$ cat entry_37.cif   # mmCIF, C-alpha atoms
data_input
loop_
_atom_site.group_PDB
_atom_site.id
_atom_site.type_symbol
_atom_site.label_atom_id
_atom_site.label_comp_id
_atom_site.auth_asym_id
_atom_site.auth_seq_id
_atom_site.Cartn_x
_atom_site.Cartn_y
_atom_site.Cartn_z
ATOM 1 C CA MET A 16 -14.027 -31.072 -18.156
ATOM 2 C CA THR A 17 -15.877 -30.897 -21.471
ATOM 3 C CA LEU A 18 -17.277 -27.765 -23.094
ATOM 4 C CA ILE A 19 -20.837 -28.802 -22.283
ATOM 5 C CA ASP A 20 -19.943 -28.949 -18.551
ATOM 6 C CA LEU A 21 -19.074 -25.239 -18.695
ATOM 7 C CA ALA A 22 -22.628 -24.480 -19.841
ATOM 8 C CA ASN A 23 -23.604 -24.956 -16.201
ATOM 9 C CA PRO A 24 -23.292 -21.505 -14.543
ATOM 10 C CA THR A 25 -21.919 -22.868 -11.253
ATOM 11 C CA ARG A 26 -19.228 -24.896 -13.039
ATOM 12 C CA PHE A 27 -18.535 -21.877 -15.271
ATOM 13 C CA LEU A 28 -17.922 -19.701 -12.180
ATOM 14 C CA ALA A 29 -15.515 -22.278 -10.705
ATOM 15 C CA PHE A 30 -13.693 -22.615 -14.033
ATOM 16 C CA THR A 31 -13.453 -18.820 -14.434
ATOM 17 C CA ALA A 32 -12.046 -18.420 -10.904
ATOM 18 C CA ARG A 33 -9.218 -20.832 -11.759
ATOM 19 C CA LEU A 34 -8.541 -19.455 -15.254
ATOM 20 C CA LEU A 35 -8.736 -15.674 -14.720
ATOM 21 C CA PRO A 36 -5.427 -15.162 -12.814
ATOM 22 C CA TRP A 37 -3.530 -16.977 -15.611
ATOM 23 C CA LEU A 38 -5.318 -14.979 -18.287
ATOM 24 C CA VAL A 39 -4.578 -11.685 -16.509
ATOM 25 C CA ALA A 40 -0.873 -12.582 -16.306
ATOM 26 C CA ALA A 41 -0.696 -13.701 -19.962
ATOM 27 C CA THR A 42 -2.507 -10.550 -21.132
ATOM 28 C CA ALA A 43 -0.222 -8.242 -19.123
ATOM 29 C CA ILE A 44 2.940 -9.956 -20.426
ATOM 30 C CA LEU A 45 1.781 -9.950 -24.047
ATOM 31 C CA LEU A 46 0.663 -6.304 -23.834
ATOM 32 C CA ALA A 47 4.042 -5.315 -22.379
ATOM 33 C CA VAL A 48 5.887 -7.173 -25.185
ATOM 34 C CA GLY A 49 3.572 -5.686 -27.840
ATOM 35 C CA LEU A 50 3.965 -2.134 -26.524
ATOM 36 C CA TYR A 51 7.757 -2.525 -26.389
ATOM 37 C CA GLN A 52 7.852 -3.833 -29.975
ATOM 38 C CA SER A 53 5.510 -1.016 -31.089
ATOM 39 C CA ALA A 54 7.783 1.581 -29.489
ATOM 40 C CA MET A 55 10.874 0.048 -31.123
ATOM 41 C CA ALA A 56 9.298 -0.331 -34.599
ATOM 42 C CA PRO A 57 10.956 1.850 -37.263
ATOM 43 C CA ASP A 58 9.218 4.842 -38.814
ATOM 44 C CA ASP A 59 7.340 4.256 -42.048
ATOM 45 C CA TYR A 60 8.910 5.860 -45.129
ATOM 46 C CA GLN A 61 5.671 7.719 -45.897
ATOM 47 C CA GLN A 62 3.836 8.036 -42.568
ATOM 48 C CA GLY A 63 6.834 8.525 -40.281
ATOM 49 C CA ALA A 64 6.160 7.765 -36.601
ATOM 50 C CA THR A 65 2.359 7.980 -37.002
ATOM 51 C CA VAL A 66 2.511 4.333 -38.136
ATOM 52 C CA LYS A 67 2.680 3.555 -34.389
ATOM 53 C CA ILE A 68 -1.031 4.407 -34.169
ATOM 54 C CA MET A 69 -1.658 1.340 -36.369
ATOM 55 C CA PHE A 70 -0.526 -0.976 -33.531
ATOM 56 C CA ILE A 71 -3.483 0.090 -31.380
ATOM 57 C CA HIS A 72 -5.977 1.128 -34.082
ATOM 58 C CA VAL A 73 -6.006 -2.165 -36.013
ATOM 59 C CA PRO A 74 -6.448 -4.521 -32.976
ATOM 60 C CA ASN A 75 -9.364 -2.391 -31.763
ATOM 61 C CA ALA A 76 -10.914 -2.339 -35.234
ATOM 62 C CA TRP A 77 -10.573 -6.144 -35.521
ATOM 63 C CA LEU A 78 -12.100 -6.622 -32.075
ATOM 64 C CA SER A 79 -14.995 -4.266 -32.852
ATOM 65 C CA MET A 80 -16.155 -6.789 -35.488
ATOM 66 C CA PHE A 81 -14.982 -9.935 -33.698
ATOM 67 C CA VAL A 82 -17.017 -9.111 -30.583
ATOM 68 C CA TRP A 83 -20.173 -8.679 -32.670
ATOM 69 C CA GLY A 84 -19.351 -12.080 -34.243
ATOM 70 C CA VAL A 85 -19.123 -13.627 -30.750
ATOM 71 C CA MET A 86 -22.440 -11.984 -29.830
ATOM 72 C CA SER A 87 -24.021 -13.374 -33.019
ATOM 73 C CA LEU A 88 -22.980 -16.920 -32.067
ATOM 74 C CA ALA A 89 -24.333 -16.314 -28.569
ATOM 75 C CA ALA A 90 -27.572 -14.991 -30.109
ATOM 76 C CA LEU A 91 -27.971 -18.319 -31.929
ATOM 77 C CA GLY A 92 -27.460 -20.055 -28.558
ATOM 78 C CA THR A 93 -30.231 -17.927 -27.067
ATOM 79 C CA LEU A 94 -32.728 -18.413 -29.912
ATOM 80 C CA VAL A 95 -32.030 -22.066 -30.796
ATOM 81 C CA TRP A 96 -31.080 -23.680 -27.456
ATOM 82 C CA ARG A 97 -32.495 -20.999 -25.141
ATOM 83 C CA HIS A 98 -29.472 -21.421 -22.923
ATOM 84 C CA PRO A 99 -29.190 -18.668 -20.267
ATOM 85 C CA LEU A 100 -25.382 -18.573 -20.493
ATOM 86 C CA ALA A 101 -25.652 -17.592 -24.170
ATOM 87 C CA ASP A 102 -27.495 -14.399 -23.238
ATOM 88 C CA VAL A 103 -25.056 -13.814 -20.376
ATOM 89 C CA ALA A 104 -22.171 -14.063 -22.899
ATOM 90 C CA ALA A 105 -23.814 -11.663 -25.353
ATOM 91 C CA LYS A 106 -24.830 -9.127 -22.694
ATOM 92 C CA ALA A 107 -21.357 -9.157 -21.104
ATOM 93 C CA ALA A 108 -19.662 -8.698 -24.493
ATOM 94 C CA ALA A 109 -21.700 -5.690 -25.666
ATOM 95 C CA PRO A 110 -20.041 -2.947 -23.527
ATOM 96 C CA LEU A 111 -16.618 -4.374 -24.395
ATOM 97 C CA GLY A 112 -17.473 -4.330 -28.101
ATOM 98 C CA ALA A 113 -18.740 -0.753 -27.784
ATOM 99 C CA ALA A 114 -15.485 0.283 -26.061
ATOM 100 C CA PHE A 115 -13.288 -1.350 -28.734
ATOM 101 C CA THR A 116 -15.359 0.233 -31.519
ATOM 102 C CA PHE A 117 -15.116 3.631 -29.821
ATOM 103 C CA LEU A 118 -11.333 3.209 -29.595
ATOM 104 C CA ALA A 119 -11.114 2.161 -33.256
ATOM 105 C CA LEU A 120 -13.036 5.324 -34.231
ATOM 106 C CA VAL A 121 -11.017 7.678 -32.005
ATOM 107 C CA THR A 122 -7.578 6.267 -32.868
ATOM 108 C CA GLY A 123 -8.552 6.157 -36.553
ATOM 109 C CA SER A 124 -9.581 9.779 -36.336
ATOM 110 C CA LEU A 125 -6.312 10.735 -34.638
ATOM 111 C CA TRP A 126 -4.416 8.835 -37.342
ATOM 112 C CA GLY A 127 -6.522 10.353 -40.123
ATOM 113 C CA ARG A 128 -5.877 13.986 -39.216
ATOM 114 C CA PRO A 129 -2.113 13.985 -39.936
ATOM 115 C CA MET A 130 -2.341 11.453 -42.813
ATOM 116 C CA TRP A 131 -5.548 12.455 -44.637
ATOM 117 C CA GLY A 132 -5.824 16.027 -43.396
ATOM 118 C CA THR A 133 -9.175 15.365 -41.720
ATOM 119 C CA TYR A 134 -10.452 13.772 -38.511
ATOM 120 C CA TRP A 135 -13.569 12.422 -40.185
ATOM 121 C CA GLU A 136 -14.931 11.633 -43.623
ATOM 122 C CA TRP A 137 -18.384 10.209 -44.313
ATOM 123 C CA ASP A 138 -17.009 7.377 -46.424
ATOM 124 C CA ALA A 139 -18.212 3.764 -46.417
ATOM 125 C CA ARG A 140 -15.701 2.298 -43.929
ATOM 126 C CA LEU A 141 -15.912 5.051 -41.323
ATOM 127 C CA THR A 142 -19.681 5.365 -41.569
ATOM 128 C CA SER A 143 -20.296 1.595 -41.320
ATOM 129 C CA VAL A 144 -18.071 1.399 -38.201
ATOM 130 C CA LEU A 145 -19.946 4.351 -36.689
ATOM 131 C CA ILE A 146 -23.194 2.447 -37.357
ATOM 132 C CA LEU A 147 -21.675 -0.590 -35.586
ATOM 133 C CA PHE A 148 -20.901 1.607 -32.562
ATOM 134 C CA LEU A 149 -24.483 2.938 -32.512
ATOM 135 C CA MET A 150 -25.810 -0.636 -32.768
ATOM 136 C CA TYR A 151 -23.750 -1.624 -29.709
ATOM 137 C CA LEU A 152 -25.235 1.306 -27.787
ATOM 138 C CA GLY A 153 -28.733 0.357 -28.968
ATOM 139 C CA LEU A 154 -28.299 -3.220 -27.760
ATOM 140 C CA ILE A 155 -27.015 -2.085 -24.356
ATOM 141 C CA ALA A 156 -30.028 0.245 -24.072
ATOM 142 C CA LEU A 157 -32.372 -2.616 -25.011
ATOM 143 C CA TRP A 158 -31.000 -4.913 -22.296
ATOM 144 C CA ARG A 159 -31.321 -2.102 -19.757
ATOM 145 C CA SER A 160 -34.845 -1.044 -20.749
ATOM 146 C CA VAL A 161 -36.581 -4.472 -20.755
ATOM 147 C CA GLU A 162 -37.194 -5.646 -17.200
ATOM 148 C CA ASP A 163 -37.756 -9.343 -17.948
ATOM 149 C CA PRO A 164 -34.361 -10.909 -18.869
ATOM 150 C CA SER A 165 -36.024 -13.645 -20.988
ATOM 151 C CA ARG A 166 -37.799 -11.121 -23.207
ATOM 152 C CA ALA A 167 -34.740 -8.868 -23.370
ATOM 153 C CA ALA A 168 -32.576 -11.862 -24.347
ATOM 154 C CA ARG A 169 -34.767 -12.842 -27.295
ATOM 155 C CA ALA A 170 -35.169 -9.273 -28.571
ATOM 156 C CA ALA A 171 -31.435 -8.610 -28.241
ATOM 157 C CA ALA A 172 -30.586 -11.901 -29.987
ATOM 158 C CA ILE A 173 -32.768 -11.028 -33.002
ATOM 159 C CA LEU A 174 -31.313 -7.512 -33.181
ATOM 160 C CA THR A 175 -27.769 -8.930 -32.929
ATOM 161 C CA LEU A 176 -28.331 -11.351 -35.818
ATOM 162 C CA VAL A 177 -29.880 -8.605 -37.974
ATOM 163 C CA GLY A 178 -26.956 -6.317 -37.114
ATOM 164 C CA ALA A 179 -24.460 -9.000 -38.222
ATOM 165 C CA ILE A 180 -25.287 -7.947 -41.801
ATOM 166 C CA ASN A 181 -23.101 -4.902 -41.100
ATOM 167 C CA LEU A 182 -19.955 -7.036 -40.582
ATOM 168 C CA PRO A 183 -19.322 -7.973 -44.254
ATOM 169 C CA ILE A 184 -20.288 -4.407 -45.212
ATOM 170 C CA ILE A 185 -17.531 -3.069 -42.922
ATOM 171 C CA LYS A 186 -14.994 -5.664 -44.117
ATOM 172 C CA PHE A 187 -15.590 -5.177 -47.848
ATOM 173 C CA SER A 188 -16.550 -1.479 -47.823
ATOM 174 C CA VAL A 189 -13.011 -0.552 -48.875
ATOM 175 C CA ASP A 190 -13.317 -2.841 -51.931
ATOM 176 C CA TRP A 191 -16.919 -2.100 -52.889
ATOM 177 C CA TRP A 192 -16.745 1.694 -52.658
ATOM 178 C CA ASN A 193 -14.197 4.397 -53.258
ATOM 179 C CA THR A 194 -13.040 5.358 -49.745
ATOM 180 C CA LEU A 195 -10.264 7.313 -48.066
ATOM 181 C CA HIS A 196 -9.534 4.265 -45.915
ATOM 182 C CA GLN A 197 -6.818 1.976 -47.235
ATOM 183 C CA PRO A 198 -7.790 -1.560 -48.390
ATOM 184 C CA ALA A 199 -6.966 -4.650 -46.303
ATOM 185 C CA SER A 200 -3.201 -5.102 -45.895
ATOM 186 C CA VAL A 201 -2.968 -8.022 -43.443
ATOM 187 C CA MET A 202 -5.937 -10.360 -43.971
ATOM 188 C CA ARG A 203 -6.043 -10.469 -47.759
ATOM 189 C CA MET A 204 -5.678 -12.929 -50.629
ATOM 190 C CA GLY A 205 -2.001 -13.233 -51.525
ATOM 191 C CA GLY A 206 -0.747 -12.534 -47.993
ATOM 192 C CA SER A 207 0.134 -9.449 -45.985
ATOM 193 C CA THR A 208 1.622 -6.405 -47.698
ATOM 194 C CA LEU A 209 3.144 -5.187 -44.426
ATOM 195 C CA ASP A 210 6.873 -5.422 -43.797
ATOM 196 C CA ARG A 211 7.838 -7.835 -40.967
ATOM 197 C CA ALA A 212 9.106 -4.875 -38.903
ATOM 198 C CA PHE A 213 5.465 -3.694 -38.661
ATOM 199 C CA LEU A 214 3.638 -6.995 -39.054
ATOM 200 C CA ILE A 215 5.138 -8.745 -36.006
ATOM 201 C CA PRO A 216 4.371 -5.963 -33.467
ATOM 202 C CA LEU A 217 0.899 -5.662 -35.007
ATOM 203 C CA LEU A 218 0.180 -9.390 -34.634
ATOM 204 C CA VAL A 219 1.519 -9.401 -31.044
ATOM 205 C CA MET A 220 -0.696 -6.419 -30.178
ATOM 206 C CA ALA A 221 -3.686 -8.080 -31.893
ATOM 207 C CA LEU A 222 -3.127 -11.237 -29.829
ATOM 208 C CA ALA A 223 -2.676 -9.166 -26.650
ATOM 209 C CA PHE A 224 -5.936 -7.262 -27.244
ATOM 210 C CA SER A 225 -7.746 -10.520 -28.072
ATOM 211 C CA LEU A 226 -6.539 -11.962 -24.745
ATOM 212 C CA LEU A 227 -7.606 -8.732 -23.055
ATOM 213 C CA PHE A 228 -11.087 -9.187 -24.504
ATOM 214 C CA LEU A 229 -11.219 -12.848 -23.397
ATOM 215 C CA THR A 230 -10.143 -11.903 -19.861
ATOM 216 C CA LEU A 231 -12.594 -9.002 -19.538
ATOM 217 C CA HIS A 232 -15.388 -11.024 -21.150
ATOM 218 C CA LEU A 233 -15.041 -13.945 -18.722
ATOM 219 C CA ALA A 234 -14.918 -11.499 -15.779
ATOM 220 C CA ALA A 235 -17.980 -9.602 -17.070
ATOM 221 C CA MET A 236 -19.859 -12.909 -17.615
ATOM 222 C CA ARG A 237 -19.071 -13.889 -14.016
ATOM 223 C CA ASN A 238 -20.489 -10.516 -12.858
ATOM 224 C CA GLU A 239 -23.629 -10.972 -14.962
ATOM 225 C CA ILE A 240 -24.259 -14.464 -13.490
ATOM 226 C CA LEU A 241 -23.897 -13.026 -9.975
ATOM 227 C CA ARG A 242 -26.228 -10.101 -10.896
ATOM 228 C CA ARG A 243 -28.926 -12.559 -12.037
ATOM 229 C CA ARG A 244 -28.523 -14.585 -8.864
ATOM 230 C CA VAL A 245 -28.958 -11.406 -6.819
ATOM 231 C CA ARG A 246 -32.090 -10.554 -8.839
ATOM 232 C CA ALA A 247 -33.536 -14.052 -8.347
ATOM 233 C CA MET A 248 -32.892 -13.872 -4.590
ATOM 234 C CA GLN A 249 -34.400 -10.380 -4.343
ATOM 235 C CA MET A 250 -37.563 -11.678 -6.048
ATOM 236 C CA ILE A 251 -37.742 -14.581 -3.578
ATOM 237 C CA GLN A 252 -37.272 -12.073 -0.755
ATOM 238 C CA ALA A 253 -40.064 -9.874 -2.129
ATOM 239 C CA GLN A 254 -42.424 -12.863 -2.543
ATOM 240 C CA ALA A 255 -41.685 -13.982 1.020
ATOM 241 C CA GLY A 256 -42.413 -10.439 2.216
ATOM 242 C CA GLN A 257 -45.761 -10.397 0.391
ATOM 243 C CA ARG A 258 -46.787 -13.758 1.875
ATOM 244 C CA ALA A 259 -45.875 -12.554 5.371
ATOM 245 C CA ALA A 260 -47.916 -9.332 4.956
ATOM 246 C CA MET B 27 12.704 7.541 -29.623
ATOM 247 C CA SER B 28 11.514 10.608 -31.509
ATOM 248 C CA LEU B 29 7.856 10.754 -32.507
ATOM 249 C CA GLY B 30 8.324 13.557 -35.010
ATOM 250 C CA PRO B 31 5.953 16.435 -35.794
ATOM 251 C CA TYR B 32 2.792 14.395 -35.076
ATOM 252 C CA ALA B 33 3.797 13.282 -31.582
ATOM 253 C CA THR B 34 0.607 14.796 -30.093
ATOM 254 C CA PHE B 35 -1.608 12.548 -32.232
ATOM 255 C CA ILE B 36 0.409 9.418 -31.390
ATOM 256 C CA GLU B 37 0.496 10.163 -27.657
ATOM 257 C CA ALA B 38 -3.208 11.050 -27.595
ATOM 258 C CA SER B 39 -4.059 7.740 -29.314
ATOM 259 C CA TYR B 40 -2.144 5.646 -26.773
ATOM 260 C CA LEU B 41 -3.470 7.689 -23.834
ATOM 261 C CA VAL B 42 -7.115 7.349 -24.863
ATOM 262 C CA VAL B 43 -6.691 3.561 -25.270
ATOM 263 C CA LEU B 44 -5.002 3.351 -21.861
ATOM 264 C CA PHE B 45 -7.782 5.417 -20.275
ATOM 265 C CA VAL B 46 -10.666 3.409 -21.763
ATOM 266 C CA VAL B 47 -9.057 0.028 -20.973
ATOM 267 C CA ALA B 48 -8.380 1.187 -17.382
ATOM 268 C CA LEU B 49 -12.018 2.316 -17.155
ATOM 269 C CA LEU B 50 -13.255 -1.106 -18.345
ATOM 270 C CA ILE B 51 -11.043 -2.939 -15.830
ATOM 271 C CA ALA B 52 -12.162 -0.654 -12.970
ATOM 272 C CA TRP B 53 -15.850 -0.987 -13.932
ATOM 273 C CA ILE B 54 -15.660 -4.810 -14.001
ATOM 274 C CA ALA B 55 -13.746 -4.964 -10.689
ATOM 275 C CA ILE B 56 -16.178 -2.580 -8.941
ATOM 276 C CA ASP B 57 -19.197 -4.426 -10.365
ATOM 277 C CA TYR B 58 -17.794 -7.768 -9.102
ATOM 278 C CA ARG B 59 -17.336 -6.435 -5.572
ATOM 279 C CA SER B 60 -20.803 -4.903 -5.624
ATOM 280 C CA GLN B 61 -22.518 -8.139 -6.749
ATOM 281 C CA LYS B 62 -20.576 -10.243 -4.220
ATOM 282 C CA ARG B 63 -21.542 -7.837 -1.422
ATOM 283 C CA ARG B 64 -25.227 -7.879 -2.399
ATOM 284 C CA LEU B 65 -25.174 -11.673 -2.645
ATOM 285 C CA SER B 66 -23.637 -12.107 0.801
ATOM 286 C CA GLU B 67 -26.109 -9.582 2.300
ATOM 287 C CA LEU B 68 -29.040 -11.589 0.926
ATOM 288 C CA GLU B 69 -27.512 -14.875 2.099
ATOM 289 C CA SER B 70 -26.965 -13.444 5.570
ATOM 290 C CA GLU B 71 -30.697 -12.599 5.630
ATOM 291 C CA GLY B 72 -31.420 -16.287 5.029
ATOM 292 C CA ILE B 73 -32.492 -15.958 1.393
ATOM 293 C CA THR B 74 -31.538 -18.959 -0.727
ATOM 294 C CA ARG B 75 -31.993 -19.537 -4.446
ATOM 295 C CA ARG B 76 -34.590 -21.912 -5.798
ATOM 296 C CA SER B 77 -33.055 -24.126 -8.466
ATOM 297 C CA GLY B 78 -34.638 -25.508 -11.608
ATOM 298 C CA ARG B 79 -36.718 -22.480 -12.507
ATOM 299 C CA PRO B 80 -36.971 -22.217 -16.256
ATOM 300 C CA THR B 81 -36.644 -18.481 -16.915
ATOM 301 C CA MET B 82 -33.424 -16.864 -18.144
ATOM 302 C CA ASP B 83 -32.683 -14.890 -14.979
ATOM 303 C CA LYS B 84 -32.803 -17.805 -12.557
ATOM 304 C CA ILE B 85 -29.192 -18.888 -12.857
#

$ encode --input "entry_37.cif" --output "C-alpha cells"
Amino acid sequence: MTLIDLANPTRFLAFTARLLPWLVAATAILLAVGLYQSAMAPDDYQQGATVKIMFIHVPNAWLSMFVWGVMSLAALGTLVWRHPLADVAAKAAAPLGAAFTFLALVTGSLWGRPMWGTYWEWDARLTSVLILFLMYLGLIALWRSVEDPSRAARAAAILTLVGAINLPIIKFSVDWWNTLHQPASVMRMGGSTLDRAFLIPLLVMALAFSLLFLTLHLAAMRNEILRRRVRAMQMIQAQAGQRAA
Amino acid sequence: MSLGPYATFIEASYLVVLFVVALLIAWIAIDYRSQKRRLSELESEGITRRSGRPTMDKI
C-alpha cells in the first residue's frame, strides 16, 4: 500500500483499524519504560529531584510545536490540493496540540515555582507558548463556529499557516531575548549539554509522547471521518424528508 | 526514592499529565462509540451515502 492509497478515507479507516492496536501497545510499553527510567534517574546537583519534571515538561513542549507543524503541513494539503483528509488531519490534531501545550504550560509553571521562585513570568518563551495555546483554542472555536466544513477548512488552513510564524519565535525566543527560561540544551549546535543519565530517559519519554500523539491523532482522525459521514447521511435524510413532505 | 522538599510540585506535575492524557483517551473512545452508534442508526433507517460529491464533508 502506497501513501497515496491512504488518502482515500475508506482505505485510511481500514489501515487505521489494523495499525491502532499495535500503536497502543508500543505507546504503553514505551511510556512504562520512560516512566521507570524517569523515576530511577539521579537527582540533579542543582535542581535536586525537581529535574524529574523535565521528563514530562520537555516532551509536551516539543509536541506543542510539533503538532502545529503537522497542522501547517495539513493546511497546505487543504489549500493546495483541497484534499478532505488534510482538513480531517488538522482538525483532529488541534485539541491534542492544545492539550500538550496546556501541559507544557502547567508543568513548566510547577517546575518554575521551586526553581525560579515564581509560577509565571511574562518573558518571551512563556508568553509565546501562551499565545500558541490561545491560537489552538481559536482554531478549535473556528471549526466549531463555521457550519460548512469546506469554508471552515479553508479559513482554518489560512489561520494555521499564519500562526506558524509563532513557531520560530518560540524556538529562538530564549536566544533573541533575555528570558528566565534556559536556552536549548538538547537540540542545539554542538550537541546536547545534558548528562546521559538525564538525556536517555528524556529521549525515551519524548519518543513515547510522540507515539502517544500518533496513536491519538489516528484515532481522532478516524472519529472525524465517521462524524462527516454521519453529517452527510443526516443531510441526505433531511433532503429525503423534504421531498416526501 | 525520595523526592525531597519539592515533592508536591513533582507529584502534581505527573498527576496533571496523567489526568489530561486519560481525559483525551476517554474523549476519543467515547466519541468513537457515539459516531459508530449514530452511523448504524442511520444505516438501519435505510440511509446510504452518495459518493463522489465534491465538498469537504462528503467523505

$ atom_distance --input "entry_37.cif" --atom1 "CA of Gly127 in chain A" --atom2 "CA of Phe70 in chain A"
14.4 Å

$ resolve_selection --input "entry_37.cif" --expression "the PyMOL selection byres ((chain A) within 9 of (chain B))" --output "PyMOL selection string"
chain A and resi 23-25+54-55+58+63-68+71-72+97-100+102+110-111+114-115+118+121-123+125-126+128-129+163-166+168+231+234-235+237-249+251-252

$ atom_distance --input "entry_37.cif" --atom1 "CA of Ala29 in chain A" --atom2 "CA of Arg169 in chain A"
27.1 Å

$ atom_distance --input "entry_37.cif" --atom1 "CA of Leu218 in chain A" --atom2 "CA of Phe27 in chain A"
29.7 Å

$ resolve_selection --input "entry_37.cif" --expression "the PyMOL selection byres ((chain A and resi 176) around 10)" --output "VMD selection string"
chain A and resid 83 to 84 86 to 91 171 to 175 177 to 181

$ write_last_selection --input "entry_37.cif" --atoms "C-alpha atoms" --output "PDB file, in the coordinates of the input"
ATOM      1  CA  TRP A  83     -20.173  -8.679 -32.670  1.00  0.00           C
ATOM      2  CA  GLY A  84     -19.351 -12.080 -34.243  1.00  0.00           C
ATOM      3  CA  MET A  86     -22.440 -11.984 -29.830  1.00  0.00           C
ATOM      4  CA  SER A  87     -24.021 -13.374 -33.019  1.00  0.00           C
ATOM      5  CA  LEU A  88     -22.980 -16.920 -32.067  1.00  0.00           C
ATOM      6  CA  ALA A  89     -24.333 -16.314 -28.569  1.00  0.00           C
ATOM      7  CA  ALA A  90     -27.572 -14.991 -30.109  1.00  0.00           C
ATOM      8  CA  LEU A  91     -27.971 -18.319 -31.929  1.00  0.00           C
ATOM      9  CA  ALA A 171     -31.435  -8.610 -28.241  1.00  0.00           C
ATOM     10  CA  ALA A 172     -30.586 -11.901 -29.987  1.00  0.00           C
ATOM     11  CA  ILE A 173     -32.768 -11.028 -33.002  1.00  0.00           C
ATOM     12  CA  LEU A 174     -31.313  -7.512 -33.181  1.00  0.00           C
ATOM     13  CA  THR A 175     -27.769  -8.930 -32.929  1.00  0.00           C
ATOM     14  CA  VAL A 177     -29.880  -8.605 -37.974  1.00  0.00           C
ATOM     15  CA  GLY A 178     -26.956  -6.317 -37.114  1.00  0.00           C
ATOM     16  CA  ALA A 179     -24.460  -9.000 -38.222  1.00  0.00           C
ATOM     17  CA  ILE A 180     -25.287  -7.947 -41.801  1.00  0.00           C
ATOM     18  CA  ASN A 181     -23.101  -4.902 -41.100  1.00  0.00           C
TER      19      ASN A 181
END
